[in-house]
>>> print(open('target23.pdb').read())   # PDB, C-alpha atoms, pLDDT in the B column
ATOM      1  CA  ASN D 107      78.328 103.299 -83.401  1.00 58.00           C
ATOM      2  CA  ARG D 108      80.435 102.981 -80.264  1.00 59.00           C
ATOM      3  CA  LEU D 109      77.416 101.826 -78.265  1.00 62.00           C
ATOM      4  CA  ASN D 110      76.556  99.265 -80.932  1.00 68.00           C
ATOM      5  CA  ALA D 111      80.135  98.021 -80.888  1.00 65.00           C
ATOM      6  CA  VAL D 112      79.958  97.536 -77.125  1.00 59.00           C
ATOM      7  CA  LEU D 113      76.619  95.695 -77.309  1.00 67.00           C
ATOM      8  CA  GLU D 114      77.746  93.453 -80.143  1.00 68.00           C
ATOM      9  CA  ASN D 115      80.975  92.477 -78.406  1.00 69.00           C
ATOM     10  CA  THR D 116      79.537  91.579 -75.024  1.00 77.00           C
ATOM     11  CA  THR D 117      78.807  88.011 -74.003  1.00 78.00           C
ATOM     12  CA  ASP D 118      75.570  89.170 -72.353  1.00 88.00           C
ATOM     13  CA  ILE D 119      72.147  89.219 -73.969  1.00 90.00           C
ATOM     14  CA  VAL D 120      70.899  92.782 -74.411  1.00 91.00           C
ATOM     15  CA  LEU D 121      67.457  93.534 -75.824  1.00 91.00           C
ATOM     16  CA  SER D 122      64.736  96.122 -75.499  1.00 94.00           C
ATOM     17  CA  ILE D 123      60.953  96.136 -75.957  1.00 94.00           C
ATOM     18  CA  ASP D 124      58.288  98.795 -76.240  1.00 95.00           C
ATOM     19  CA  LEU D 125      55.105  99.113 -74.170  1.00 96.00           C
ATOM     20  CA  HIS D 126      53.418  96.444 -76.295  1.00 96.00           C
ATOM     21  CA  TYR D 127      56.226  93.873 -75.890  1.00 96.00           C
ATOM     22  CA  ASN D 128      57.443  94.454 -79.445  1.00 96.00           C
ATOM     23  CA  LEU D 129      61.144  93.728 -79.820  1.00 94.00           C
ATOM     24  CA  LEU D 130      63.000  96.971 -80.561  1.00 94.00           C
ATOM     25  CA  THR D 131      66.626  95.869 -80.397  1.00 92.00           C
ATOM     26  CA  ILE D 132      68.627  92.747 -79.682  1.00 91.00           C
ATOM     27  CA  ASN D 133      72.347  92.109 -79.971  1.00 91.00           C
ATOM     28  CA  GLU D 134      73.976  89.202 -81.782  1.00 90.00           C
ATOM     29  CA  CYS D 135      74.587  87.312 -78.538  1.00 89.00           C
ATOM     30  CA  GLY D 136      70.874  87.550 -77.774  1.00 90.00           C
ATOM     31  CA  LYS D 137      69.924  86.187 -81.179  1.00 92.00           C
ATOM     32  CA  ASN D 138      72.313  83.268 -80.761  1.00 89.00           C
ATOM     33  CA  GLU D 139      71.053  82.419 -77.272  1.00 86.00           C
ATOM     34  CA  PHE D 140      67.387  82.487 -78.320  1.00 89.00           C
ATOM     35  CA  ASN D 141      68.270  80.154 -81.151  1.00 88.00           C
ATOM     36  CA  LYS D 142      70.269  77.831 -78.882  1.00 84.00           C
ATOM     37  CA  LEU D 143      67.699  77.658 -76.089  1.00 81.00           C
ATOM     38  CA  PHE D 144      64.421  77.859 -77.986  1.00 84.00           C
ATOM     39  CA  GLY D 145      65.355  77.055 -81.583  1.00 87.00           C
ATOM     40  CA  ILE D 146      63.924  80.348 -82.863  1.00 89.00           C
ATOM     41  CA  ASP D 147      65.196  83.304 -84.892  1.00 92.00           C
ATOM     42  CA  VAL D 148      63.738  86.340 -83.159  1.00 91.00           C
ATOM     43  CA  GLU D 149      62.468  89.170 -85.348  1.00 93.00           C
ATOM     44  CA  ILE D 150      62.681  92.883 -84.644  1.00 93.00           C
ATOM     45  CA  GLY D 151      59.309  94.654 -84.570  1.00 94.00           C
ATOM     46  CA  LYS D 152      57.321  91.611 -83.519  1.00 95.00           C
ATOM     47  CA  ASN D 153      55.896  90.773 -80.088  1.00 96.00           C
ATOM     48  CA  ILE D 154      58.636  88.967 -78.186  1.00 94.00           C
ATOM     49  CA  LEU D 155      56.063  87.008 -76.157  1.00 95.00           C
ATOM     50  CA  ASP D 156      54.624  85.526 -79.336  1.00 94.00           C
ATOM     51  CA  GLN D 157      58.058  84.381 -80.408  1.00 93.00           C
ATOM     52  CA  ILE D 158      59.026  82.366 -77.349  1.00 91.00           C
ATOM     53  CA  PRO D 159      57.504  79.061 -76.117  1.00 89.00           C
ATOM     54  CA  LYS D 160      54.150  79.360 -74.363  1.00 89.00           C
ATOM     55  CA  GLU D 161      55.450  77.662 -71.232  1.00 86.00           C
ATOM     56  CA  VAL D 162      57.757  80.614 -70.551  1.00 88.00           C
ATOM     57  CA  SER D 163      55.918  83.497 -72.206  1.00 92.00           C
ATOM     58  CA  GLN D 164      53.568  84.084 -69.248  1.00 93.00           C
ATOM     59  CA  ILE D 165      56.489  84.174 -66.839  1.00 92.00           C
ATOM     60  CA  TRP D 166      58.261  86.758 -68.970  1.00 93.00           C
ATOM     61  CA  LYS D 167      55.078  88.783 -69.444  1.00 95.00           C
ATOM     62  CA  GLU D 168      54.764  89.155 -65.681  1.00 95.00           C
ATOM     63  CA  ARG D 169      58.362  90.313 -65.442  1.00 95.00           C
ATOM     64  CA  TYR D 170      58.027  92.743 -68.327  1.00 95.00           C
ATOM     65  CA  ASP D 171      54.828  94.133 -66.811  1.00 96.00           C
ATOM     66  CA  LYS D 172      56.624  94.881 -63.556  1.00 96.00           C
ATOM     67  CA  ALA D 173      59.413  96.679 -65.392  1.00 96.00           C
ATOM     68  CA  LEU D 174      56.913  98.622 -67.496  1.00 96.00           C
ATOM     69  CA  LYS D 175      55.388  99.812 -64.227  1.00 96.00           C
ATOM     70  CA  GLY D 176      58.733 101.145 -63.042  1.00 95.00           C
ATOM     71  CA  GLU D 177      60.222  98.189 -61.150  1.00 95.00           C
ATOM     72  CA  LYS D 178      63.694  96.733 -61.500  1.00 96.00           C
ATOM     73  CA  VAL D 179      63.263  92.984 -61.957  1.00 95.00           C
ATOM     74  CA  ILE D 180      66.035  90.485 -61.183  1.00 95.00           C
ATOM     75  CA  SER D 181      65.668  86.761 -61.770  1.00 93.00           C
ATOM     76  CA  GLU D 182      67.560  83.524 -62.308  1.00 90.00           C
ATOM     77  CA  GLU D 183      66.462  80.850 -64.765  1.00 85.00           C
ATOM     78  CA  LYS D 184      67.326  77.243 -65.476  1.00 86.00           C
ATOM     79  CA  TYR D 185      66.822  75.939 -68.997  1.00 78.00           C
ATOM     80  CA  LEU D 186      67.128  72.409 -70.323  1.00 78.00           C
ATOM     81  CA  LYS D 187      68.430  71.898 -73.829  1.00 73.00           C
ATOM     82  CA  ASP D 188      69.448  68.491 -75.192  1.00 73.00           C
ATOM     83  CA  SER D 189      69.546  67.168 -71.590  1.00 78.00           C
ATOM     84  CA  ASN D 190      71.995  69.916 -70.622  1.00 84.00           C
ATOM     85  CA  GLU D 191      71.293  72.514 -67.957  1.00 87.00           C
ATOM     86  CA  TYR D 192      71.830  76.214 -68.635  1.00 85.00           C
ATOM     87  CA  TYR D 193      71.494  78.996 -66.069  1.00 90.00           C
ATOM     88  CA  SER D 194      71.073  82.713 -66.611  1.00 88.00           C
ATOM     89  CA  GLU D 195      70.748  85.811 -64.472  1.00 93.00           C
ATOM     90  CA  THR D 196      68.517  88.533 -65.883  1.00 93.00           C
ATOM     91  CA  VAL D 197      67.904  92.179 -64.999  1.00 95.00           C
ATOM     92  CA  ILE D 198      65.015  94.115 -66.539  1.00 96.00           C
ATOM     93  CA  ASN D 199      64.895  97.895 -66.159  1.00 95.00           C
ATOM     94  CA  PRO D 200      62.267 100.371 -67.369  1.00 96.00           C
ATOM     95  CA  ILE D 201      63.263 102.802 -70.144  1.00 95.00           C
ATOM     96  CA  TYR D 202      62.318 106.418 -69.462  1.00 95.00           C
ATOM     97  CA  SER D 203      61.890 109.299 -71.868  1.00 93.00           C
ATOM     98  CA  GLU D 204      60.899 112.677 -70.451  1.00 90.00           C
ATOM     99  CA  LYS D 205      59.948 110.972 -67.175  1.00 90.00           C
ATOM    100  CA  LYS D 206      57.605 108.563 -68.945  1.00 95.00           C
ATOM    101  CA  ILE D 207      58.181 104.832 -69.323  1.00 96.00           C
ATOM    102  CA  ILE D 208      58.407 103.934 -72.988  1.00 96.00           C
ATOM    103  CA  GLY D 209      59.695 100.381 -72.751  1.00 95.00           C
ATOM    104  CA  ALA D 210      62.086  98.061 -70.969  1.00 95.00           C
ATOM    105  CA  VAL D 211      65.661  96.916 -71.456  1.00 94.00           C
ATOM    106  CA  VAL D 212      66.848  93.412 -70.640  1.00 93.00           C
ATOM    107  CA  PHE D 213      70.361  92.356 -69.634  1.00 93.00           C
ATOM    108  CA  SER D 214      70.862  88.606 -69.304  1.00 91.00           C
ATOM    109  CA  ARG D 215      74.078  86.784 -68.473  1.00 89.00           C
ATOM    110  CA  ASP D 216      74.989  83.106 -68.726  1.00 87.00           C
ATOM    111  CA  ILE D 217      75.925  81.995 -65.201  1.00 89.00           C
ATOM    112  CA  THR D 218      76.073  78.259 -65.917  1.00 89.00           C
ATOM    113  CA  ASP D 219      79.764  77.953 -65.032  1.00 89.00           C
ATOM    114  CA  ARG D 220      79.263  79.876 -61.802  1.00 90.00           C
ATOM    115  CA  ILE D 221      76.306  77.704 -60.758  1.00 90.00           C
ATOM    116  CA  PHE D 222      78.198  74.489 -61.477  1.00 90.00           C
ATOM    117  CA  LYS D 223      81.193  75.731 -59.471  1.00 90.00           C
ATOM    118  CA  GLU D 224      78.906  76.629 -56.567  1.00 88.00           C
ATOM    119  CA  LYS D 225      77.373  73.154 -56.736  1.00 88.00           C
ATOM    120  CA  LEU D 226      80.813  71.543 -56.671  1.00 87.00           C
ATOM    121  CA  ILE D 227      81.804  73.651 -53.666  1.00 81.00           C
ATOM    122  CA  TYR D 228      78.564  72.754 -51.893  1.00 82.00           C
ATOM    123  CA  GLN D 229      79.038  69.051 -52.629  1.00 85.00           C
ATOM    124  CA  SER D 230      82.610  69.218 -51.341  1.00 80.00           C
ATOM    125  CA  GLU D 231      81.474  70.989 -48.178  1.00 77.00           C
ATOM    126  CA  GLU D 232      78.683  68.461 -47.725  1.00 83.00           C
ATOM    127  CA  ARG D 233      81.156  65.588 -47.981  1.00 84.00           C
ATOM    128  CA  MET D 234      83.382  67.275 -45.406  1.00 77.00           C
ATOM    129  CA  ARG D 235      80.410  67.810 -43.080  1.00 78.00           C
ATOM    130  CA  ASN D 236      79.470  64.146 -43.387  1.00 83.00           C
ATOM    131  CA  LEU D 237      83.064  63.139 -42.700  1.00 80.00           C
ATOM    132  CA  ALA D 238      83.305  65.418 -39.652  1.00 80.00           C
ATOM    133  CA  GLU D 239      79.947  64.249 -38.348  1.00 84.00           C
ATOM    134  CA  ASN D 240      80.710  60.556 -38.633  1.00 86.00           C
ATOM    135  CA  MET D 241      84.452  60.214 -38.007  1.00 89.00           C
ATOM    136  CA  PRO D 242      85.382  58.087 -34.962  1.00 91.00           C
ATOM    137  CA  VAL D 243      86.917  60.961 -32.973  1.00 94.00           C
ATOM    138  CA  MET D 244      85.230  63.747 -31.064  1.00 95.00           C
ATOM    139  CA  LEU D 245      84.984  67.057 -32.888  1.00 94.00           C
ATOM    140  CA  ASP D 246      83.733  70.298 -31.426  1.00 95.00           C
ATOM    141  CA  ALA D 247      83.968  73.898 -32.566  1.00 93.00           C
ATOM    142  CA  PHE D 248      83.292  77.285 -31.007  1.00 94.00           C
ATOM    143  CA  ASP D 249      82.303  80.654 -32.408  1.00 93.00           C
ATOM    144  CA  GLU D 250      83.924  83.928 -31.355  1.00 91.00           C
ATOM    145  CA  GLU D 251      81.590  84.175 -28.341  1.00 91.00           C
ATOM    146  CA  MET D 252      82.792  80.698 -27.288  1.00 90.00           C
ATOM    147  CA  ASN D 253      79.453  79.084 -27.983  1.00 93.00           C
ATOM    148  CA  ILE D 254      79.675  75.488 -29.150  1.00 95.00           C
ATOM    149  CA  ILE D 255      78.537  75.323 -32.779  1.00 94.00           C
ATOM    150  CA  VAL D 256      79.715  71.816 -33.750  1.00 94.00           C
ATOM    151  CA  TRP D 257      79.184  68.631 -31.744  1.00 95.00           C
ATOM    152  CA  ASN D 258      79.570  65.496 -33.802  1.00 94.00           C
ATOM    153  CA  LYS D 259      78.180  62.009 -33.276  1.00 95.00           C
ATOM    154  CA  GLU D 260      81.265  60.782 -31.428  1.00 95.00           C
ATOM    155  CA  CYS D 261      80.821  63.661 -28.965  1.00 96.00           C
ATOM    156  CA  GLU D 262      77.252  62.511 -28.501  1.00 96.00           C
ATOM    157  CA  ARG D 263      78.320  58.883 -28.005  1.00 95.00           C
ATOM    158  CA  VAL D 264      81.065  59.655 -25.481  1.00 96.00           C
ATOM    159  CA  THR D 265      79.252  62.302 -23.431  1.00 97.00           C
ATOM    160  CA  GLY D 266      75.665  61.126 -23.818  1.00 97.00           C
ATOM    161  CA  TYR D 267      74.599  64.670 -24.711  1.00 97.00           C
ATOM    162  CA  ARG D 268      72.854  65.156 -28.045  1.00 96.00           C
ATOM    163  CA  ALA D 269      73.955  67.944 -30.356  1.00 95.00           C
ATOM    164  CA  ASP D 270      70.723  69.845 -29.781  1.00 95.00           C
ATOM    165  CA  GLU D 271      71.473  69.854 -26.027  1.00 97.00           C
ATOM    166  CA  ILE D 272      74.946  71.328 -26.522  1.00 97.00           C
ATOM    167  CA  ILE D 273      75.023  73.488 -29.636  1.00 96.00           C
ATOM    168  CA  GLY D 274      74.137  77.089 -28.808  1.00 93.00           C
ATOM    169  CA  ASN D 275      73.657  76.229 -25.128  1.00 95.00           C
ATOM    170  CA  PRO D 276      75.446  78.902 -23.020  1.00 93.00           C
ATOM    171  CA  HIS D 277      75.596  76.396 -20.137  1.00 95.00           C
ATOM    172  CA  ALA D 278      77.044  73.523 -22.163  1.00 96.00           C
ATOM    173  CA  MET D 279      80.426  73.658 -20.453  1.00 95.00           C
ATOM    174  CA  GLU D 280      78.688  73.484 -17.079  1.00 96.00           C
ATOM    175  CA  LEU D 281      77.050  70.227 -18.139  1.00 96.00           C
ATOM    176  CA  ILE D 282      80.264  68.413 -19.024  1.00 96.00           C
ATOM    177  CA  TYR D 283      82.461  70.169 -16.425  1.00 97.00           C
ATOM    178  CA  PRO D 284      80.030  70.677 -13.518  1.00 96.00           C
ATOM    179  CA  ASP D 285      82.755  71.445 -10.961  1.00 96.00           C
ATOM    180  CA  SER D 286      83.263  75.200 -11.259  1.00 95.00           C
ATOM    181  CA  ASP D 287      86.936  75.169 -10.171  1.00 96.00           C
ATOM    182  CA  TYR D 288      87.836  72.406 -12.610  1.00 97.00           C
ATOM    183  CA  ARG D 289      85.852  74.061 -15.384  1.00 95.00           C
ATOM    184  CA  GLU D 290      87.730  77.310 -14.803  1.00 95.00           C
ATOM    185  CA  PHE D 291      91.004  75.373 -14.913  1.00 96.00           C
ATOM    186  CA  VAL D 292      90.110  73.794 -18.280  1.00 95.00           C
ATOM    187  CA  LEU D 293      89.088  77.128 -19.808  1.00 93.00           C
ATOM    188  CA  SER D 294      92.082  79.058 -18.488  1.00 94.00           C
ATOM    189  CA  ASP D 295      94.556  76.297 -19.344  1.00 94.00           C
ATOM    190  CA  THR D 296      93.443  76.093 -22.958  1.00 93.00           C
ATOM    191  CA  ALA D 297      93.323  79.901 -23.243  1.00 92.00           C
ATOM    192  CA  GLU D 298      96.871  80.251 -21.838  1.00 93.00           C
ATOM    193  CA  LYS D 299      98.067  77.888 -24.538  1.00 92.00           C
ATOM    194  CA  GLY D 300      96.422  80.100 -27.143  1.00 90.00           C
ATOM    195  CA  PHE D 301      93.970  77.319 -27.976  1.00 89.00           C
ATOM    196  CA  TYR D 302      96.894  75.597 -29.674  1.00 91.00           C
ATOM    197  CA  PHE D 303      97.894  72.259 -28.196  1.00 94.00           C
ATOM    198  CA  ARG D 304      98.164  68.531 -28.736  1.00 94.00           C
ATOM    199  CA  ASN D 305      97.105  65.652 -26.491  1.00 95.00           C
ATOM    200  CA  LEU D 306      95.945  67.664 -23.491  1.00 94.00           C
ATOM    201  CA  GLU D 307      93.928  65.450 -21.163  1.00 97.00           C
ATOM    202  CA  TYR D 308      90.841  66.697 -19.340  1.00 97.00           C
ATOM    203  CA  THR D 309      88.183  64.682 -17.541  1.00 97.00           C
ATOM    204  CA  LEU D 310      84.560  65.434 -18.302  1.00 97.00           C
ATOM    205  CA  LEU D 311      81.390  64.102 -16.759  1.00 97.00           C
ATOM    206  CA  SER D 312      79.047  62.259 -19.097  1.00 97.00           C
ATOM    207  CA  LYS D 313      75.286  62.576 -18.927  1.00 97.00           C
ATOM    208  CA  ASN D 314      74.951  59.262 -17.084  1.00 96.00           C
ATOM    209  CA  GLY D 315      77.533  60.326 -14.495  1.00 95.00           C
ATOM    210  CA  ASP D 316      80.568  58.465 -15.846  1.00 96.00           C
ATOM    211  CA  LYS D 317      83.909  60.267 -15.841  1.00 96.00           C
ATOM    212  CA  LYS D 318      85.612  60.293 -19.251  1.00 96.00           C
ATOM    213  CA  THR D 319      89.223  61.351 -19.751  1.00 97.00           C
ATOM    214  CA  ILE D 320      89.616  62.884 -23.199  1.00 97.00           C
ATOM    215  CA  SER D 321      92.851  63.668 -24.997  1.00 97.00           C
ATOM    216  CA  TRP D 322      92.222  66.919 -26.884  1.00 97.00           C
ATOM    217  CA  SER D 323      94.198  68.477 -29.720  1.00 96.00           C
ATOM    218  CA  ASN D 324      93.596  71.923 -31.167  1.00 94.00           C
ATOM    219  CA  ILE D 325      95.378  73.057 -34.331  1.00 90.00           C
ATOM    220  CA  SER D 326      92.762  75.557 -35.467  1.00 89.00           C
ATOM    221  CA  LYS D 327      95.450  78.247 -35.774  1.00 87.00           C
ATOM    222  CA  ASP D 328      97.085  76.209 -38.515  1.00 89.00           C
ATOM    223  CA  VAL D 329      93.911  74.927 -40.161  1.00 87.00           C
ATOM    224  CA  LYS D 330      91.296  77.668 -40.272  1.00 87.00           C
ATOM    225  CA  ILE D 331      87.712  76.741 -41.122  1.00 85.00           C
ATOM    226  CA  PRO D 332      85.299  79.552 -42.073  1.00 84.00           C
ATOM    227  CA  GLY D 333      82.736  80.162 -39.348  1.00 86.00           C
ATOM    228  CA  TRP D 334      84.707  78.211 -36.728  1.00 90.00           C
ATOM    229  CA  HIS D 335      86.674  80.443 -34.354  1.00 92.00           C
ATOM    230  CA  ILE D 336      88.421  77.481 -32.747  1.00 93.00           C
ATOM    231  CA  TRP D 337      87.947  73.747 -33.073  1.00 93.00           C
ATOM    232  CA  ALA D 338      89.421  70.630 -31.538  1.00 95.00           C
ATOM    233  CA  ILE D 339      89.391  66.870 -31.814  1.00 94.00           C
ATOM    234  CA  GLY D 340      89.331  64.502 -28.872  1.00 95.00           C
ATOM    235  CA  VAL D 341      89.910  60.819 -28.217  1.00 96.00           C
ATOM    236  CA  ASP D 342      88.362  58.987 -25.289  1.00 94.00           C
TER     237      ASP D 342
END
>>> encode(input="target23.pdb", output="structure tokens")
Amino acid sequence: NRLNAVLENTTDIVLSIDLHYNLLTINECGKNEFNKLFGIDVEIGKNILDQIPKEVSQIWKERYDKALKGEKVISEEKYLKDSNEYYSETVINPIYSEKKIIGAVVFSRDITDRIFKEKLIYQSEERMRNLAENMPVMLDAFDEEMNIIVWNKECERVTGYRADEIIGNPHAMELIYPDSDYREFVLSDTAEKGFYFRNLEYTLLSKNGDKKTISWSNISKDVKIPGWHIWAIGVD
């Protein structure tokens, strides 16, 4: 009774089948979801594959077969209903009795809200990437090993070096600061300031040999961006 109370008060679909795909148990949430997604009232004792649409029955048969052979099966689905998208995450485990598999149990959770939130986050991050890539100031960023990991279009325009020539290149600083003494000065000066400064001017050498004096500002201590150890913006 306690187990039934738990199953009937969860927002997850819980059902079980025997070795012949016959539906043994299903909670109220499961019944409601099958009705919402497929427009069917599932029946205990009947083959679950015969009760669901043909376009998905083969997919589920393959998953059930894996579980009935002893595998744990995890999957995500997208369903369309009345032009609305629904997403679920499903886990299928074999049921054992005296070390023999006698069926499978299915746990399925609605993850629609989570997926939509992830999409919104991704879209927001994509907009920020586009903004950073195309804004009319130089933007670079370094990882913890001081490798350049961001080099936007303005950096490319000012220096003449493409992103693929700079990003991940351990000799990138040698390209834009070829004089070793001056390069050491730039690196030590910024490090002494804790990589926290505004309007520091350094002169780099562009790919075509022109000297460019850039005013750099670094406030990455105040504005932390995941994956970027330090970052700075520069104006030619």
>>> residues_around(input="target23.pdb", residues="D:Ile325", least_positions_apart="2", cutoff="12 Å", atoms="only C-alpha atoms", output="list in words")
Ala247, Thr296, Lys299, Gly300, Phe301, Tyr302, Phe303, Arg304, Asn305, Trp322, Ser323, Lys327, Asp328, Val329, Lys330, Ile331, His335, Ile336, Trp337, Ala338, Ile339 and Gly340 of chain D
>>> residues_around(input="target23.pdb", residues="D:Val292", least_positions_apart="3", cutoff="12 Å", atoms="all atoms listed in the file", output="PDB file with C-alpha atoms, in the frame of the given file")
ATOM      1  CA  MET D 279      80.426  73.658 -20.453  1.00 95.00           C
ATOM      2  CA  GLU D 280      78.688  73.484 -17.079  1.00 96.00           C
ATOM      3  CA  ILE D 282      80.264  68.413 -19.024  1.00 96.00           C
ATOM      4  CA  TYR D 283      82.461  70.169 -16.425  1.00 97.00           C
ATOM      5  CA  PRO D 284      80.030  70.677 -13.518  1.00 96.00           C
ATOM      6  CA  ASP D 285      82.755  71.445 -10.961  1.00 96.00           C
ATOM      7  CA  SER D 286      83.263  75.200 -11.259  1.00 95.00           C
ATOM      8  CA  ASP D 287      86.936  75.169 -10.171  1.00 96.00           C
ATOM      9  CA  TYR D 288      87.836  72.406 -12.610  1.00 97.00           C
ATOM     10  CA  ARG D 289      85.852  74.061 -15.384  1.00 95.00           C
ATOM     11  CA  ASP D 295      94.556  76.297 -19.344  1.00 94.00           C
ATOM     12  CA  THR D 296      93.443  76.093 -22.958  1.00 93.00           C
ATOM     13  CA  ALA D 297      93.323  79.901 -23.243  1.00 92.00           C
ATOM     14  CA  GLU D 298      96.871  80.251 -21.838  1.00 93.00           C
ATOM     15  CA  LYS D 299      98.067  77.888 -24.538  1.00 92.00           C
ATOM     16  CA  PHE D 301      93.970  77.319 -27.976  1.00 89.00           C
ATOM     17  CA  LEU D 306      95.945  67.664 -23.491  1.00 94.00           C
ATOM     18  CA  GLU D 307      93.928  65.450 -21.163  1.00 97.00           C
ATOM     19  CA  TYR D 308      90.841  66.697 -19.340  1.00 97.00           C
ATOM     20  CA  THR D 309      88.183  64.682 -17.541  1.00 97.00           C
ATOM     21  CA  LEU D 310      84.560  65.434 -18.302  1.00 97.00           C
ATOM     22  CA  ILE D 320      89.616  62.884 -23.199  1.00 97.00           C
ATOM     23  CA  TRP D 322      92.222  66.919 -26.884  1.00 97.00           C
TER      24      TRP D 322
END
>>> resolve_selection(input="target23.pdb", expression="the PyMOL selection byres ((chain D and resi 147) around 12)", output="MDAnalysis selection string")
chainID D and resid 132 134 136:146 148:150 152 154 157:158
>>> residues_near_point(input="target23.pdb", point="(81.3, 67.4, -33.7)", cutoff="10 Å", atoms="only C-alpha atoms", output="list of chain:residue names")
D:Arg235, D:Ala238, D:Glu239, D:Asn240, D:Met241, D:Val243, D:Met244, D:Leu245, D:Asp246, D:Ala247, D:Ile254, D:Ile255, D:Val256, D:Trp257, D:Asn258, D:Lys259, D:Glu260, D:Cys261, D:Glu262, D:Ala269, D:Ile273, D:Trp337, D:Ala338, D:Ile339, D:Gly340
>>> atom_distance(input="target23.pdb", atom1="atom CA of D:Val212", atom2="atom CA of D:Gln164")
16.3 Å
>>> residues_around(input="target23.pdb", residues="stretch 202-209 of chain D", least_positions_apart="2", cutoff="12 Å", atoms="all atoms listed in the file", output="list in words")
Leu121, Ser122, Ile123, Asp124, Leu125, His126, Tyr127, Asn128, Leu129, Leu130, Thr131, Tyr170, Asp171, Lys172, Ala173, Leu174, Lys175, Gly176, Glu177, Ile198, Asn199, Pro200, Val211 and Val212 of chain D
>>> atom_distance(input="target23.pdb", atom1="atom CA of D:Leu186", atom2="atom CA of D:Trp166")
16.9 Å
>>> atom_distance(input="target23.pdb", atom1="atom CA of D:Asn190", atom2="atom CA of D:Asn153")
28.0 Å
>>> closest_residue(input="target23.pdb", among="D:Ser214, D:Val179, D:Glu191, D:Gly315", to="D:Val120", atoms="all atoms listed in the file")
D:Ser214
>>> axis_aligned_box(input="target23.pdb", around="stretch 177-196 of chain D", padding_each_side="6 Å", output="JSON")
{"center_x": 66.1, "center_y": 82.7, "center_z": -68.2, "size_x": 23.8, "size_y": 43.0, "size_z": 26.0}
>>> closest_residue(input="target23.pdb", among="D:Phe222, D:Phe213, D:Val264, D:Ser294", to="D:Tyr192", atoms="all atoms listed in the file")
D:Phe222
>>> decode(input="target23.pdb", residues="stretch 271-275 of chain D", atoms="all heavy atoms", output="compact mmCIF listing (two decimals), in the first residue's frame")
# COMPACT_ATOMS: atom_id res chain seq x y z
N GLU D 271 44.94 31.48 -36.26
CA GLU D 271 46.39 31.63 -36.13
C GLU D 271 46.80 31.94 -34.69
O GLU D 271 47.97 31.76 -34.33
CB GLU D 271 46.89 32.74 -37.04
CG GLU D 271 46.72 32.49 -38.53
CD GLU D 271 47.16 33.66 -39.36
OE1 GLU D 271 46.43 34.67 -39.43
OE2 GLU D 271 48.26 33.58 -39.93
N ILE D 272 45.84 32.41 -33.90
CA ILE D 272 46.14 32.87 -32.54
C ILE D 272 45.62 31.93 -31.47
O ILE D 272 46.34 31.58 -30.52
CB ILE D 272 45.57 34.29 -32.33
CG1 ILE D 272 46.23 35.29 -33.29
CG2 ILE D 272 45.72 34.72 -30.88
CD1 ILE D 272 47.71 35.50 -33.04
N ILE D 273 44.36 31.54 -31.61
CA ILE D 273 43.73 30.72 -30.56
C ILE D 273 44.45 29.38 -30.43
O ILE D 273 44.64 28.65 -31.40
CB ILE D 273 42.24 30.50 -30.87
CG1 ILE D 273 41.48 31.83 -30.74
CG2 ILE D 273 41.63 29.45 -29.94
CD1 ILE D 273 40.02 31.75 -31.11
N GLY D 274 44.87 29.07 -29.21
CA GLY D 274 45.55 27.81 -28.92
C GLY D 274 47.00 27.78 -29.37
O GLY D 274 47.68 26.76 -29.19
N ASN D 275 47.50 28.87 -29.94
CA ASN D 275 48.88 28.93 -30.41
C ASN D 275 49.79 29.33 -29.24
O ASN D 275 49.71 30.46 -28.75
CB ASN D 275 49.01 29.93 -31.55
CG ASN D 275 50.41 29.99 -32.12
OD1 ASN D 275 51.35 29.39 -31.60
ND2 ASN D 275 50.57 30.73 -33.21
